[in-house]
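Listing of protein_9.tsv, TSV, C-alpha atoms
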chain	number	residue	atom	x	y	z
D	1	MET	CA	-47.44	-17.85	-4.42
D	2	SER	CA	-45.16	-14.86	-5.06
D	3	ASP	CA	-41.56	-15.47	-6.11
D	4	ALA	CA	-40.54	-12.01	-4.89
D	5	PRO	CA	-37.64	-12.18	-2.41
D	6	GLN	CA	-38.40	-11.48	1.23
D	7	THR	CA	-37.47	-7.90	2.04
D	8	ARG	CA	-35.00	-7.12	4.78
D	9	CYS	CA	-34.38	-3.89	6.63
D	10	GLY	CA	-32.08	-3.01	9.49
D	11	SER	CA	-29.64	-0.52	10.93
D	12	VAL	CA	-25.86	-0.43	10.82
D	13	ALA	CA	-24.13	1.97	13.21
D	14	ILE	CA	-20.90	3.27	11.67
D	15	VAL	CA	-18.64	4.17	14.61
D	16	GLY	CA	-15.00	5.11	14.96
D	17	ALA	CA	-12.53	7.77	15.96
D	18	PRO	CA	-12.56	11.20	14.27
D	19	ASN	CA	-11.28	11.15	10.68
D	20	ALA	CA	-11.52	7.36	10.31
D	21	GLY	CA	-13.45	7.85	7.07
D	22	LYS	CA	-16.95	7.02	8.35
D	23	SER	CA	-18.81	9.65	6.31
D	24	THR	CA	-16.84	8.80	3.16
D	25	LEU	CA	-17.78	5.14	3.69
D	26	VAL	CA	-21.48	5.98	4.17
D	27	ASN	CA	-21.44	8.02	0.96
D	28	ALA	CA	-19.76	5.15	-0.90
D	29	LEU	CA	-22.31	2.62	0.38
D	30	VAL	CA	-25.27	4.87	-0.50
D	31	GLY	CA	-23.76	5.61	-3.91
D	32	GLN	CA	-24.32	9.34	-3.52
D	33	LYS	CA	-23.15	12.06	-1.18
D	34	VAL	CA	-25.37	12.32	1.89
D	35	ALA	CA	-22.79	13.20	4.55
D	36	ILE	CA	-20.30	16.06	4.47
D	37	VAL	CA	-16.64	15.16	4.27
D	38	SER	CA	-13.54	17.10	5.27
D	39	ALA	CA	-9.95	16.29	6.16
D	40	LYS	CA	-10.56	18.27	9.35
D	41	VAL	CA	-11.33	16.06	12.35
D	42	GLN	CA	-14.79	16.07	13.97
D	43	THR	CA	-16.51	17.26	10.79
D	44	THR	CA	-19.60	15.14	11.47
D	45	ARG	CA	-21.56	16.57	14.39
D	46	THR	CA	-25.03	15.15	14.19
D	47	ARG	CA	-26.24	11.61	13.72
D	48	LEU	CA	-27.81	11.10	10.31
D	49	ILE	CA	-28.96	8.05	8.41
D	50	GLY	CA	-27.77	7.21	4.93
D	51	ILE	CA	-30.18	4.86	3.17
D	52	ALA	CA	-28.70	2.21	0.87
D	53	THR	CA	-30.18	-0.80	-0.88
D	54	ASP	CA	-28.68	-4.16	-1.73
D	55	GLY	CA	-31.14	-6.29	-3.66
D	56	ALA	CA	-34.21	-6.75	-1.46
D	57	THR	CA	-32.46	-5.26	1.58
D	58	GLN	CA	-32.67	-1.67	2.79
D	59	LEU	CA	-29.73	-0.60	4.94
D	60	LEU	CA	-30.08	2.25	7.40
D	61	LEU	CA	-26.50	3.44	7.77
D	62	ILE	CA	-26.15	5.55	10.90
D	63	ASP	CA	-23.28	7.97	10.30
D	64	THR	CA	-22.17	8.98	13.79
D	65	PRO	CA	-19.81	11.71	14.98
D	66	GLY	CA	-16.29	10.56	15.75
D	67	ILE	CA	-15.91	9.29	19.29
D	68	PHE	CA	-13.19	11.06	21.25
D	69	ALA	CA	-12.46	12.31	24.77
D	70	PRO	CA	-14.95	15.18	25.20
D	71	ARG	CA	-13.83	18.45	26.76
D	72	ARG	CA	-16.88	20.70	26.47
D	73	ARG	CA	-20.65	20.53	26.07
D	74	LEU	CA	-20.63	20.27	22.27
D	75	ASP	CA	-18.06	17.47	22.47
D	76	ARG	CA	-20.21	15.59	24.98
D	77	ALA	CA	-23.30	15.98	22.81
D	78	MET	CA	-21.46	14.60	19.79
D	79	VAL	CA	-20.08	11.60	21.66
D	80	ARG	CA	-23.50	10.86	23.14
D	81	ALA	CA	-25.03	11.00	19.65
D	82	ALA	CA	-22.45	8.49	18.46
D	83	TRP	CA	-23.10	5.95	21.20
D	84	GLU	CA	-26.86	6.42	20.97
D	85	GLY	CA	-26.57	5.64	17.27
D	86	ALA	CA	-24.97	2.33	18.16
D	87	GLU	CA	-27.51	1.41	20.81
D	88	GLY	CA	-29.85	-1.31	19.60
D	89	ALA	CA	-28.43	-1.34	16.07
D	90	ASP	CA	-28.69	-4.62	14.18
D	91	LEU	CA	-24.98	-4.34	13.50
D	92	ILE	CA	-22.08	-2.12	14.58
D	93	ALA	CA	-19.32	-1.45	12.06
D	94	PHE	CA	-16.17	-0.21	13.78
D	95	VAL	CA	-14.23	1.79	11.20
D	96	VAL	CA	-10.51	2.18	11.84
D	97	ASP	CA	-8.08	4.37	9.90
D	98	ALA	CA	-5.56	1.65	9.07
D	99	LYS	CA	-2.87	4.21	8.35
D	100	THR	CA	-3.23	5.76	11.81
D	101	GLY	CA	-3.99	2.53	13.66
D	102	PHE	CA	-5.05	2.29	17.28
D	103	ARG	CA	-4.23	5.58	18.90
D	104	ASP	CA	-5.94	6.74	22.10
D	105	ASP	CA	-9.45	7.39	20.72
D	106	ALA	CA	-9.60	4.21	18.64
D	107	THR	CA	-8.28	2.09	21.52
D	108	ALA	CA	-10.89	3.52	23.92
D	109	ILE	CA	-13.68	2.70	21.44
D	110	LEU	CA	-12.33	-0.81	20.97
D	111	GLU	CA	-12.38	-1.39	24.73
D	112	SER	CA	-15.95	-0.07	24.97
D	113	LEU	CA	-17.13	-2.27	22.09
D	114	ALA	CA	-15.81	-5.39	23.80
D	115	ASN	CA	-18.67	-5.17	26.31
D	116	ARG	CA	-21.49	-4.31	23.90
D	117	PRO	CA	-24.11	-6.94	23.00
D	118	GLU	CA	-24.69	-5.89	19.38
D	119	PRO	CA	-23.10	-7.96	16.56
D	120	LYS	CA	-19.91	-6.23	15.38
D	121	LEU	CA	-17.78	-6.07	12.24
D	122	LEU	CA	-14.28	-4.62	12.07
D	123	VAL	CA	-13.70	-2.39	9.03
D	124	LEU	CA	-10.10	-1.41	8.36
D	125	ASN	CA	-10.26	1.62	6.06
D	126	LYS	CA	-7.67	3.30	3.79
D	127	VAL	CA	-6.11	-0.02	2.77
D	128	ASP	CA	-4.90	1.61	-0.45
D	129	ILE	CA	-2.25	3.52	1.55
D	130	THR	CA	-1.46	0.89	4.19
D	131	ALA	CA	0.97	-2.05	4.04
D	132	LYS	CA	-0.64	-5.51	4.08
D	133	THR	CA	1.46	-6.68	7.03
D	134	ARG	CA	0.22	-3.74	9.08
D	135	LEU	CA	-3.40	-4.53	8.16
D	136	LEU	CA	-3.02	-8.09	9.43
D	137	GLU	CA	-1.42	-6.84	12.65
D	138	LEU	CA	-4.25	-4.37	13.26
D	139	ALA	CA	-6.88	-7.03	12.60
D	140	ALA	CA	-5.24	-9.44	15.05
D	141	HIS	CA	-4.93	-6.72	17.70
D	142	ALA	CA	-8.61	-5.69	17.44
D	143	ASN	CA	-9.95	-9.23	17.41
D	144	ALA	CA	-7.97	-10.05	20.52
D	145	PHE	CA	-9.89	-7.30	22.34
D	146	ALA	CA	-13.45	-7.67	21.02
D	147	GLN	CA	-15.61	-10.35	19.44
D	148	PHE	CA	-15.94	-9.24	15.81
D	149	ALA	CA	-18.00	-11.49	13.56
D	150	ASP	CA	-15.68	-10.70	10.65
D	151	THR	CA	-13.04	-8.26	9.43
D	152	TYR	CA	-13.22	-6.30	6.19
D	153	PHE	CA	-10.47	-4.39	4.41
D	154	VAL	CA	-11.75	-1.42	2.40
D	155	SER	CA	-10.86	1.91	0.90
D	156	ALA	CA	-13.89	4.17	1.15
D	157	GLY	CA	-12.07	6.70	-1.03
D	158	THR	CA	-11.38	4.38	-3.98
D	159	GLY	CA	-14.33	2.03	-3.43
D	160	ASP	CA	-12.13	-1.02	-3.01
D	161	GLY	CA	-13.94	-3.67	-0.92
D	162	VAL	CA	-17.06	-1.51	-0.44
D	163	ALA	CA	-19.39	-3.78	-2.47
D	164	GLU	CA	-18.34	-6.82	-0.43
D	165	LEU	CA	-18.89	-4.92	2.81
D	166	LYS	CA	-22.34	-3.82	1.67
D	167	THR	CA	-23.27	-7.43	0.89
D	168	ALA	CA	-22.11	-8.46	4.36
D	169	PHE	CA	-24.21	-5.72	5.95
D	170	ALA	CA	-27.27	-6.85	3.99
D	171	ALA	CA	-26.82	-10.49	5.00
D	172	ALA	CA	-26.90	-9.49	8.68
D	173	MET	CA	-30.19	-7.58	8.47
D	174	PRO	CA	-33.47	-9.05	9.75
D	175	GLU	CA	-36.45	-9.77	7.54
D	176	GLY	CA	-39.01	-6.99	7.48
D	177	PRO	CA	-40.51	-4.16	5.43
D	178	TRP	CA	-38.45	-1.21	4.25
D	179	HIS	CA	-38.70	1.88	6.47
D	180	PHE	CA	-38.18	4.47	3.71
D	181	PRO	CA	-39.26	4.92	0.08
D	182	GLU	CA	-36.93	3.34	-2.47
D	183	ASP	CA	-35.63	6.69	-3.77
D	184	GLN	CA	-34.92	8.30	-0.38
D	185	LEU	CA	-31.22	8.54	0.44
D	186	THR	CA	-31.16	10.11	3.91
D	187	ASP	CA	-33.42	10.94	6.85
D	188	ALA	CA	-31.95	14.45	7.17
D	189	THR	CA	-34.17	17.38	6.24
D	190	THR	CA	-33.25	19.50	3.23
D	191	ARG	CA	-32.84	22.48	5.56
D	192	LEU	CA	-30.30	20.62	7.71
D	193	MET	CA	-28.46	19.30	4.66
D	194	ALA	CA	-28.20	22.84	3.26
D	195	ALA	CA	-26.58	24.06	6.48
D	196	GLU	CA	-24.23	21.07	6.43
D	197	ILE	CA	-23.17	21.85	2.85
D	198	THR	CA	-22.23	25.40	3.85
D	199	ARG	CA	-20.34	24.13	6.91
D	200	GLU	CA	-18.45	21.69	4.71
D	201	GLN	CA	-17.29	24.56	2.50
D	202	ILE	CA	-16.17	26.55	5.54
D	203	TYR	CA	-14.02	23.61	6.59
D	204	ASN	CA	-12.67	22.97	3.10
D	205	GLN	CA	-11.91	26.61	2.31
D	206	LEU	CA	-10.38	27.59	5.63
D	207	HIS	CA	-8.47	24.39	6.42
D	208	ALA	CA	-6.51	25.01	9.63
D	209	GLU	CA	-7.17	28.76	9.76
D	210	LEU	CA	-10.50	28.58	11.56
D	211	PRO	CA	-10.90	26.56	14.75
D	212	TYR	CA	-13.51	23.84	14.78
D	213	ALA	CA	-15.73	26.16	16.87
D	214	SER	CA	-18.08	27.44	14.16
D	215	ALA	CA	-21.67	26.64	13.28
D	216	VAL	CA	-24.18	27.37	10.52
D	217	GLU	CA	-27.82	28.25	11.17
D	218	THR	CA	-30.50	28.56	8.50
D	219	GLU	CA	-32.47	31.66	9.46
D	220	LYS	CA	-34.87	31.88	6.53
D	221	TRP	CA	-35.95	29.56	3.70
D	222	GLU	CA	-38.22	31.07	1.07
D	223	GLU	CA	-39.72	29.29	-1.95
D	224	ARG	CA	-40.09	31.92	-4.67
D	225	ARG	CA	-42.77	32.05	-7.35
D	226	ASP	CA	-40.24	31.37	-10.10
D	227	GLY	CA	-39.37	28.03	-8.46
D	228	SER	CA	-36.08	29.22	-6.98
D	229	ILE	CA	-35.18	29.21	-3.28
D	230	ALA	CA	-33.85	32.12	-1.22
D	231	ILE	CA	-31.85	30.90	1.77
D	232	HIS	CA	-30.44	33.10	4.52
D	233	GLN	CA	-27.79	31.41	6.66
D	234	GLN	CA	-25.82	32.69	9.61
D	235	ILE	CA	-22.27	31.53	10.29
D	236	LEU	CA	-21.52	31.67	14.00
D	237	VAL	CA	-17.97	32.17	15.25
D	238	GLU	CA	-16.60	32.92	18.70
D	239	ARG	CA	-14.32	35.93	18.11
D	240	ASP	CA	-13.88	38.97	15.86
D	241	THR	CA	-10.59	37.55	14.57
D	242	GLN	CA	-12.45	34.44	13.36
D	243	ARG	CA	-15.06	36.59	11.65
D	244	ALA	CA	-12.28	38.36	9.76
D	245	ILE	CA	-10.89	34.98	8.64
D	246	VAL	CA	-14.28	33.83	7.30
D	247	LEU	CA	-14.87	37.13	5.50
D	248	GLY	CA	-11.42	37.30	3.91
D	249	LYS	CA	-10.02	40.40	2.25
D	250	GLY	CA	-12.90	42.50	1.00
D	251	GLY	CA	-15.29	39.63	1.70
D	252	SER	CA	-13.57	37.42	-0.89
D	253	ARG	CA	-13.40	34.29	1.26
D	254	LEU	CA	-17.07	34.44	2.23
D	255	LYS	CA	-18.00	34.97	-1.42
D	256	GLU	CA	-16.08	31.84	-2.42
D	257	ILE	CA	-17.72	29.82	0.37
D	258	GLY	CA	-21.12	31.08	-0.77
D	259	THR	CA	-20.50	30.27	-4.43
D	260	LEU	CA	-19.51	26.67	-3.71
D	261	ALA	CA	-22.23	26.15	-1.09
D	262	ARG	CA	-24.88	27.54	-3.43
D	263	ALA	CA	-23.83	25.09	-6.13
D	264	GLY	CA	-23.99	22.19	-3.67
D	265	ILE	CA	-27.41	23.18	-2.34
D	266	GLY	CA	-28.65	23.65	-5.91
D	267	GLU	CA	-27.52	20.10	-6.74
D	268	LEU	CA	-29.24	18.84	-3.59
D	269	THR	CA	-32.57	20.54	-4.28
D	270	GLY	CA	-32.58	20.55	-8.07
D	271	LYS	CA	-33.52	24.23	-7.96
D	272	LYS	CA	-31.89	27.61	-8.50
D	273	VAL	CA	-30.62	28.87	-5.15
D	274	HIS	CA	-30.09	32.41	-3.90
D	275	LEU	CA	-27.82	32.07	-0.87
D	276	PHE	CA	-27.22	34.91	1.55
D	277	LEU	CA	-24.50	34.38	4.16
D	278	HIS	CA	-23.94	36.50	7.25
D	279	VAL	CA	-21.09	36.04	9.73
D	280	LYS	CA	-21.95	36.73	13.36
D	281	VAL	CA	-19.70	36.77	16.41
D	282	LYS	CA	-21.40	34.89	19.23
D	283	GLU	CA	-18.90	33.99	21.91
D	284	ASP	CA	-21.14	31.46	23.64
D	285	TRP	CA	-22.85	29.89	20.60
D	286	SER	CA	-21.87	26.41	21.80
D	287	GLU	CA	-24.03	27.05	24.91
D	288	ASP	CA	-27.13	27.92	22.87
D	289	ARG	CA	-29.82	25.22	22.96
D	290	ALA	CA	-31.20	26.35	19.59
D	291	VAL	CA	-27.89	25.53	17.86
D	292	TYR	CA	-28.07	21.98	19.21
D	293	ARG	CA	-31.70	21.61	18.13
D	294	ASP	CA	-31.02	22.87	14.62
D	295	SER	CA	-28.01	20.55	14.33
D	296	GLY	CA	-30.00	17.50	15.43
D	297	LEU	CA	-28.06	17.13	18.68
D	298	ASP	CA	-29.49	16.61	22.15
D	299	TRP	CA	-28.65	19.16	24.83
D	300	VAL	CA	-26.40	17.62	27.46
D	301	ASP	CA	-25.59	18.80	30.97
Written form, C-alpha cells:
Amino acid sequence: MSDAPQTRCGSVAIVGAPNAGKSTLVNALVGQKVAIVSAKVQTTRTRLIGIATDGATQLLLIDTPGIFAPRRRLDRAMVRAAWEGAEGADLIAFVVDAKTGFRDDATAILESLANRPEPKLLVLNKVDITAKTRLLELAAHANAFAQFADTYFVSAGTGDGVAELKTAFAAAMPEGPWHFPEDQLTDATTRLMAAEITREQIYNQLHAELPYASAVETEKWEERRDGSIAIHQQILVERDTQRAIVLGKGGSRLKEIGTLARAGIGELTGKKVHLFLHVKVKEDWSEDRAVYRDSGLDWVD
C-alpha cells in the first residue's frame, strides 16, 4: 500500500474591489509573477488562473478583475468575468484593502457575498500599513454581514501571513488529481502574457497621464531560426492626444515602454525578444469584439 499522501486540487476565487491587492496576493501565493500589478485601479481585466502548490495540494487561484459599478461595455465584461470566476469555486477569498476599508465597491461586494453558497474566507490585506484596532473593526463589520469561515490578516506586498493563508486554502480543497503539470504556473497563453506585460509597462510608465482606456494587441508572433522571437504589438488608444502621450517626445516614452516590456517578455519566455510596438488611434476599440477575445473576456450586451 502506498504511503504517498492523497492529492488534492481545487479552485479559489480571489475577489475584491479594484486595487485591493488581489494580483499581488496571487503572485505571492504562486511564488512567481503571473499577474500584472500596477497602482492604477482596474489593472486586471481578464480572469486568469495562478497555479500554486502546497504539499500534495494544487491550488487554482482565480485572479479576477476588481468588482466595481460598471459604466460601459468593457466594465460590464470585467465585472462579469469576476463573478463568473467565483461561481462554483471551492472557496471564495474576499480580499479587502484594510487601509481603505469598506467603501462603496467593497461594501457592494460584501452584500453580494452574503447570499452566495460557496465557502468564504475574509482576507484583510495591507496589514503592514494598517492599525490593529482598525483591522479588528473591519473584521467584525464584515463578519456581521456575511458568513466567513475564517478571517486572515496578510500583507501581500511583504509576504506577512501569506504562508498561513496558503495552508488554509489547501486544507479547504477536495481530494482529487492535479489539473495541471507540477511546473505550470498559469493557464494564460504566452501570447496573452506578453500583451499583459506590455500593458503593465504602459500603466507603470504613464501613471495618471493616460486614461485607463488603452489596450494591447499582439498582431504577429514569429519564432526565428536563431531561437529568438519577433513580436509585433499594437497599442490602442482612443484619441490623438493619448497617442502623443504614449509616444513621448521623439518617441522616447514608447522606447522606454518597449525596453522594459521586452525584458519582461524575455524573462517569461527564456528567449531573446525583438519587440516592435505601434500606437494606433482607434476611438471605438472598446466596442471591438476581437479586443475582448484576445483579452480573454466575453462580449457582453
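Those residues that approach Leu206 (chain D) to within 9 Å, counting only C-alpha atoms, are Gln201, Ile202, Leu210, Ile245, Val246 and Arg253 of chain D; same-chain residues fewer than 4 positions away are not listed.
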Would you list the contacts of region 281-287 of chain D as a ChimeraX atom specification, taking every protein, DNA or RNA residue within 7 Å and counting all atoms listed in the file, but skipping same-chain residues closer than 3 positions in sequence? /D:74,236-240,243
Go ahead and write the residues just picked, C-alpha atoms, as an mmCIF file, in the frame of the given file.
data_model
loop_
_atom_site.group_PDB
_atom_site.id
_atom_site.type_symbol
_atom_site.label_atom_id
_atom_site.label_comp_id
_atom_site.auth_asym_id
_atom_site.auth_seq_id
_atom_site.Cartn_x
_atom_site.Cartn_y
_atom_site.Cartn_z
ATOM 1 C CA LEU D 74 -20.630 20.270 22.270
ATOM 2 C CA LEU D 236 -21.520 31.670 14.000
ATOM 3 C CA VAL D 237 -17.970 32.170 15.250
ATOM 4 C CA GLU D 238 -16.600 32.920 18.700
ATOM 5 C CA ARG D 239 -14.320 35.930 18.110
ATOM 6 C CA ASP D 240 -13.880 38.970 15.860
ATOM 7 C CA ARG D 243 -15.060 36.590 11.650
#
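Closest approach to Gln147 (chain D) among D:Lys126, D:Arg225, D:Lys120, D:Lys33 is made by D:Lys120 (distances from all atoms listed in the file).
Rounded to one decimal, CA of Gly21 (chain D) and CA of Ile109 (chain D) lie 15.3 Å from each other.
Here CA of Gln233 (chain D) stands at a distance of 5.5 Å from CA of Glu217 (chain D).
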Set the distance at 12 Å and use only C-alpha atoms: which residues neighbour Val96 (chain D) once local chain neighbours fewer than 6 positions away are removed? I'd like the list as a PyMOL selection string. chain D and resi 14-22+25+66-67+102-103+105-107+109-110+121-127+130+135+138-139+142+151-156
Contacts of Lys272 (chain D) at 8 Å or less, counting all atoms listed in the file, minus same-chain residues fewer than 4 places along, as a list in words? Gly227, Ser228, Ile229 and Gly266 of chain D
So that I can check the surroundings of Glu182 (chain D), please list as a PyMOL selection string every protein, DNA and RNA residue that reaches within 12 Å of it, counting all atoms listed in the file and ignoring chain neighbours fewer than 2 positions away. chain D and resi 9+30+51-59+177-180+184-186
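As for CA of Leu268 (chain D) and CA of Gly251 (chain D), they are spaced 25.6 Å apart.
When all atoms listed in the file are used to measure the gap to Ala171 (chain D), the shortest distance among D:Leu136, D:Ile197, D:Ala114, D:Leu91 belongs to D:Leu91.
Nearest residue to Ala146 (chain D) among D:Lys132, D:Glu196, D:Phe94, D:Thr189 is D:Phe94, counting all atoms listed in the file.
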